[in-house]
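Okay, structure first, notes after.
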Amino acid sequence: MSSTIKLWDFSGGIHPAENKERSTSRPIQSAGIPGQLVLPLQQHIGAPAEPTVAVGDFVLKGQKVADVSYGIGVPVHAPTSGTIESIGDYPVPHPSGMADRCIVLKPDGKDEWCERYPISDYRSLERDEALAIIHSAGVSGMGGAGFPTDIKLRPPRDRKVDTLILNGAECEPYITADDMTMRERANDVVAGLKVMAWILRPERCVIGIEDNKPEAAAALRQATQGTQIELAVIPTKYPSGGEKQLIQILTGMEVPSGGIPADIGVMCQNVGTAVAVAKAIFEGSPLISRVVTVTGEAVKNPGNFEVLLGTPLNYLLDQAGLQQDRVSRLILGGPMMGYTLTTTAVPVIKTTNCIIAAVADELPAPPPEQACIRCGQCAEVCPMELLPQQLFWHAKATEFEKAEHLNLFDCIECGACSYVCPSSIPLVQYYRYAKGEIRVQRAEQLKADRARERFEARQQRLEREQQEKELRRKERAKAAAEAQANKKAEAERAAANGEAVDERAAKSALVEQALARKKAKTEASDSKAAAPSEPAQEKPDIEALEKQFAQAQSKLETMQAMLEDAKAQQADNVDKLERAVTKNHDRVKRAEEALADARKILANQPESQPTE
Amino acid sequence: MAFVQQSSPHARSARPTSKVMLWVILAALPGLLAQTLFFGWGNIINVVWCIAIALASEAAILKLRNKPVAFILKDNTAAVTGLLLGLSLPQFAPWWVSGVAVISAIVIAKQLYGGLGSNPFNPAMVGYALVLISFPVAMTTNWAEPALLWDKAPSFADTLSVIASAKQTAVDGWTMATPLDEYKHKIATHTADEVLAHPTFGEGFAKGWEWVNAAFLVGGLVLIGLKIITWHIPVAFLGALVVMSLAFGSNEDLYAPLSLHLLAGGTMLGAFFIATDPVSAATSHQGKLIYGAGIGVLIYLIRSWGNYPDAVAFSVLLMNFAVPFIDHYTPPRTYGHHKARRGLPGGGRN
């Protein structure tokens, strides 16, 4: 079957030492229940979850302990039964070594499940129901950045997914978590893939696997027997497991720059994610554990472990027999794209696929950086067909505009260029630096642009007001002049008509007029002086406030309805609408408060109730 | 316990620049061997002398620039520059001619521009062109007669004493005009057959030179096989030379035949060892093709209609000038883009 599948090649690529056999000699073992589980509230890109439990609460295995209230995210579940010990900031796995909000669970050792609702015939569900189950099971991508799976499975309306790819390439050296998962749980992998295929209804469903995993390929071949699922055994070459590269290998198409695979009708899902989906549907189990490769020469018993999420790495490393005195470098992820850790006191999260405890000469520190001789080895191996040496040159010279022009942002940071660089230049680090600087510059530019727009708008408004004022003044002057002219003309006409002008009468009339004006003025000032005693201005206008409240409420309802629609349709403006809803929510609250205040005031001063 | 903190990737292949350069030196050895077999000891003495001067002048200038001397010397790039000059200078060129060539290559063309990686021109060719223009007599009269024609071959000591003397012109009887030189200057007044009767030519080829060129070709193929250079520059270089010769030089009574163009002079050394200097060459594959072809065309133009019998140095230097321009207009198409972004950011007004 695999021989009939047409494969393409991607440009560049390298063949680093694989070091995979070290961790594939033993089957996946359970790592057991550690004394403490630390569950970060944010385990993927998007919004962090909010705790739904309090310190001291007892939770069952699989019970939801945190949920997302807004934004992109998935809930977090208790990996075993126990008590919530604390909620606070703890070190999380991150290149910066930062701390973030976590829920700490003290297991009771009973490992008691909560109520689960397995579904045997998912085809009887609505697709949205299946997606809801996947969402509430907390499933997010387990191969890369951990994008929430239910959202990924809802591609934009106008993008039909024709090809669903299951990424079992696992091209990074050392890592064998997917390999072992495919070997031992091929049926789960295929079951999860079938669920995703049922949701997406693609025309083609293909599993991509590198040819250095014959056992996994054999297991999958058996599990896919009699299905439409294709099994593509691809040549081993790093980074064939990169999403863009795997898509190119299996379809010959390229994901447009800045786009997503769905733009060309393709979607990639990871092997581990497929298993998580299968568990969510067929067992009703949320994502509470994953397979992690523990390897490196500093561990005595390297292998793959089924690890509860939240398990501290030091516990896991002890299970694998870490030799404390030998480890020099601790890497989370693979040797090509993983990052070094400062401490073992961080937990396993949904995206943790591998931990390497390397001894000093296993992954030696690079020799000092030398001058770039433009040998072009980097360009030869770049899977994105960039010019790494030119990017390096511009990044180093802080000529970011030129680096961007040479498509810096298409770099996937696979590290192939740094791997081959004969001058041992940390090229990827230069690109990360340049990208970071450009992002900061863009943010600042945006800010400056907004400030300028605001300023210009204000200037325009002021000018406009000035002009309007001037215009009104001119009109008034013109009117006055006309009135003057009319008066004059009338007087002249009267004189011309020879009407008798009783000068005295006219004079007395003028005096009378003046007196009348004076009187009116005094009266007006009197009434003004009396005004403060009148409650009219302080009187809370209940009616207006009530109207305001009702308006705000109805607006909020409309907004919420719109948001619901947008969410259902997977529209792009969900975020915006969400913000709008929160804003309107505040508005309703304020209107309600104002109304309540007004009522209180009225209740307190009934004697000053106006009669009108 | 403090763990090593480092940015990815953590794994590296182990072929440092020093090894790349060492391979270049090793790949040039067959050529040097052929030169020695067919033209005597001159080239070996030149190579040793040039490498010594190159290392000494690089060390001196690095010291002046407060750079780590030993660390940089170990990258072997200065040695390669010395080697290339030793291979390309006339066998009996006096010591000071080669000394001037090497020092100007290392000090002016390489280090004054910022050292390795920053030089826009091929250092060895800057040195070569400089002495070719400055000392035309020394650079044209000191080419060794093919060893096959020598009655009594000059010994190592003889050769050394000639090179070590300060005289510009060497011993008559040991030297002879190069085939390209001979052809160029005789063809105006003679027929092709008359010119080719000169003993410097073998059976339609340049005596000895064809083997030297063949040896450099073999060394060059090794470099391509080792992925130290790519095929683009040599193929474009030689291809352009062939096309030019077929287009303009079919009449052997007017122009040197194709066989001479390919197998006499510094053609193969230039195509595989000199034009492929990555620092001063174009970057992308397409750029390398244009760059290599440009050198091939220029070599033919200068050899056929210029004042110099050979033209590798000038052609390479002229194309070095064009490299930034070529690079701006030949970036590869990046994955996910419809076409390559040519020119400069902002439409070339930069």
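Quick note on naming: the chains in the structure tokens go A, B, ... in the order shown, residues restart at 1 in each chain, and ligands are numbered from 1 in order of appearance.
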Identify every residue of chain A that has at least one atom within 6 Å of any atom of chain B, counting only C-alpha atoms, and report the result as a list in words. Glu254, Val255, Pro256, Ser257, Ser328, Arg329, Pro335, Met336, Met337, Thr340, Thr342, Leu363, Ala371, Cys372, Ile373, Arg374, Cys375, Met384, Glu385, Leu386, His405, Gly415, Tyr419, Val420, Pro422 and Ser423 of chain A
When you look at stretch 117-128 of chain A with a cut-off of 6 Å (counting only C-alpha atoms), what residues show up, excluding the ones that are within fewer than 6 positions of it in the same chain? I need them as a ChimeraX atom specification. /A:199,281-284
Find the residues around B:Ser165 up to 12 Å (only C-alpha atoms counted), leave out those fewer than 6 positions away in its own chain, and share them as a tab-separated table (two decimals) with C-alpha atoms, in the first residue's frame.
```
chain	number	residue	atom	x	y	z
B	92	PHE	CA	60.41	30.58	-11.41
B	93	ALA	CA	58.79	33.73	-10.07
B	94	PRO	CA	61.34	35.41	-7.74
B	95	TRP	CA	60.61	35.21	-4.03
B	96	TRP	CA	59.73	38.86	-3.67
B	97	VAL	CA	57.12	38.77	-6.41
B	158	ASP	CA	68.80	24.97	-8.81
B	159	THR	CA	65.17	25.95	-8.69
B	171	VAL	CA	67.42	31.31	-16.64
```
Using Å and a single decimal, report how far atom CA of B:Ala54 sits from atom CA of B:Arg303. 29.3 Å
So which one's closest to A:Glu362, A:Tyr174, A:Asp211, A:Glu129, A:Ala262? Using only C-alpha atoms, please.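 Checking each of A:Tyr174, A:Asp211, A:Glu129, A:Ala262 against A:Glu362, counting only C-alpha atoms, the winner is A:Tyr174.
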Report the residues of stretch 186-412 of chain A whose backbone DSSP state falls under alpha helix (DSSP H), written as a ChimeraX atom specification. /A:186-200,214-223,243-251,271-278,313-319,377-381,388-396,400-405
Do a neighbour search on B:Tyr128 at 9 Å with only C-alpha atoms, toss out local chain neighbours closer than 4 positions, and write the hits as a ChimeraX atom specification. /B:85,88-89,98,101-102,105,123-124,132-133,313
Quick check for you: according to DSSP on this backbone, which residues of stretch 5-118 of chain A are classed as strand (DSSP E)? Reply as a ChimeraX atom specification. /A:29-30,37-40,50-51,58-59,64-67,76-77,82-91,99-107
For B:Leu84: contacts at 9 Å, only C-alpha atoms, fewer than 2 positions along chain excluded, given as number ranges by chain: B: 25, 28, 47, 50, 79-82, 86-89, 124-125, 269, 273-274
Go ahead and save the picked residues with N, CA and C atoms, as a short mmCIF file (atom, residue, chain, number, x, y, z; two decimals), in the first residue's frame.
```cif
data_model
loop_
_atom_site.label_atom_id
_atom_site.label_comp_id
_atom_site.auth_asym_id
_atom_site.auth_seq_id
_atom_site.Cartn_x
_atom_site.Cartn_y
_atom_site.Cartn_z
N ILE B 25 42.79 22.14 0.72
CA ILE B 25 44.24 21.98 0.54
C ILE B 25 44.55 20.57 0.02
N ALA B 28 43.75 19.98 -3.57
CA ALA B 28 44.62 20.67 -4.52
C ALA B 28 45.93 19.91 -4.72
N VAL B 47 54.61 27.22 -3.21
CA VAL B 47 53.50 26.93 -2.29
C VAL B 47 53.98 27.03 -0.84
N CYS B 50 54.74 30.70 -0.08
CA CYS B 50 53.53 31.53 0.00
C CYS B 50 52.73 31.23 1.27
N ALA B 79 46.24 29.81 4.98
CA ALA B 79 47.03 28.79 4.30
C ALA B 79 46.47 28.52 2.90
N VAL B 80 45.13 28.53 2.79
CA VAL B 80 44.53 28.28 1.48
C VAL B 80 44.87 29.41 0.51
N THR B 81 44.83 30.64 0.98
CA THR B 81 45.20 31.77 0.12
C THR B 81 46.64 31.61 -0.36
N GLY B 82 47.54 31.27 0.58
CA GLY B 82 48.94 31.06 0.21
C GLY B 82 49.07 29.94 -0.80
N GLY B 86 50.59 30.08 -4.59
CA GLY B 86 51.72 29.22 -4.92
C GLY B 86 51.43 28.36 -6.14
N LEU B 87 50.15 27.96 -6.27
CA LEU B 87 49.78 27.11 -7.41
C LEU B 87 49.66 27.91 -8.70
N SER B 88 49.34 29.21 -8.59
CA SER B 88 49.07 29.95 -9.81
C SER B 88 50.23 30.82 -10.31
N LEU B 89 51.18 31.13 -9.44
CA LEU B 89 52.30 31.98 -9.88
C LEU B 89 53.25 31.18 -10.78
N ALA B 124 43.46 35.94 -2.98
CA ALA B 124 44.54 35.40 -3.80
C ALA B 124 44.58 36.08 -5.16
N MET B 125 43.41 36.34 -5.72
CA MET B 125 43.37 36.95 -7.04
C MET B 125 43.74 38.43 -7.01
N LEU B 269 41.98 25.09 -12.25
CA LEU B 269 42.29 25.65 -10.92
C LEU B 269 41.31 26.78 -10.61
N PHE B 273 38.77 25.86 -7.69
CA PHE B 273 39.40 26.26 -6.44
C PHE B 273 39.35 27.77 -6.18
N ILE B 274 39.31 28.56 -7.26
CA ILE B 274 39.39 30.01 -7.07
C ILE B 274 38.00 30.66 -7.15
#
```
Rounded to one decimal in Å, what is the spacing between atom CA of A:Val346 and atom CA of A:Leu60? 23.0 Å
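Put simply, atom CA of A:Phe409 is 9.5 Å away from atom CA of A:Ala434.
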Using only C-alpha atoms, find the one residue out of A:Val291, A:Leu7, A:Ala509, A:Val299 that sits nearest to A:Pro27.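 Of all the options, A:Val291 lies closest to A:Pro27.
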Which residue of B:Phe314, B:Phe156, B:Tyr255, B:Tyr308 approaches B:Thr178 most closely, using only C-alpha atoms: B:Tyr308
Given the choices A:Ala480, A:Ile234, A:Pro148, A:Ile175, which gets closest to A:Ile355 if the distance is worked out from only C-alpha atoms?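 When distances to A:Ile355 are compared using only C-alpha atoms, the smallest one comes from A:Ile175.
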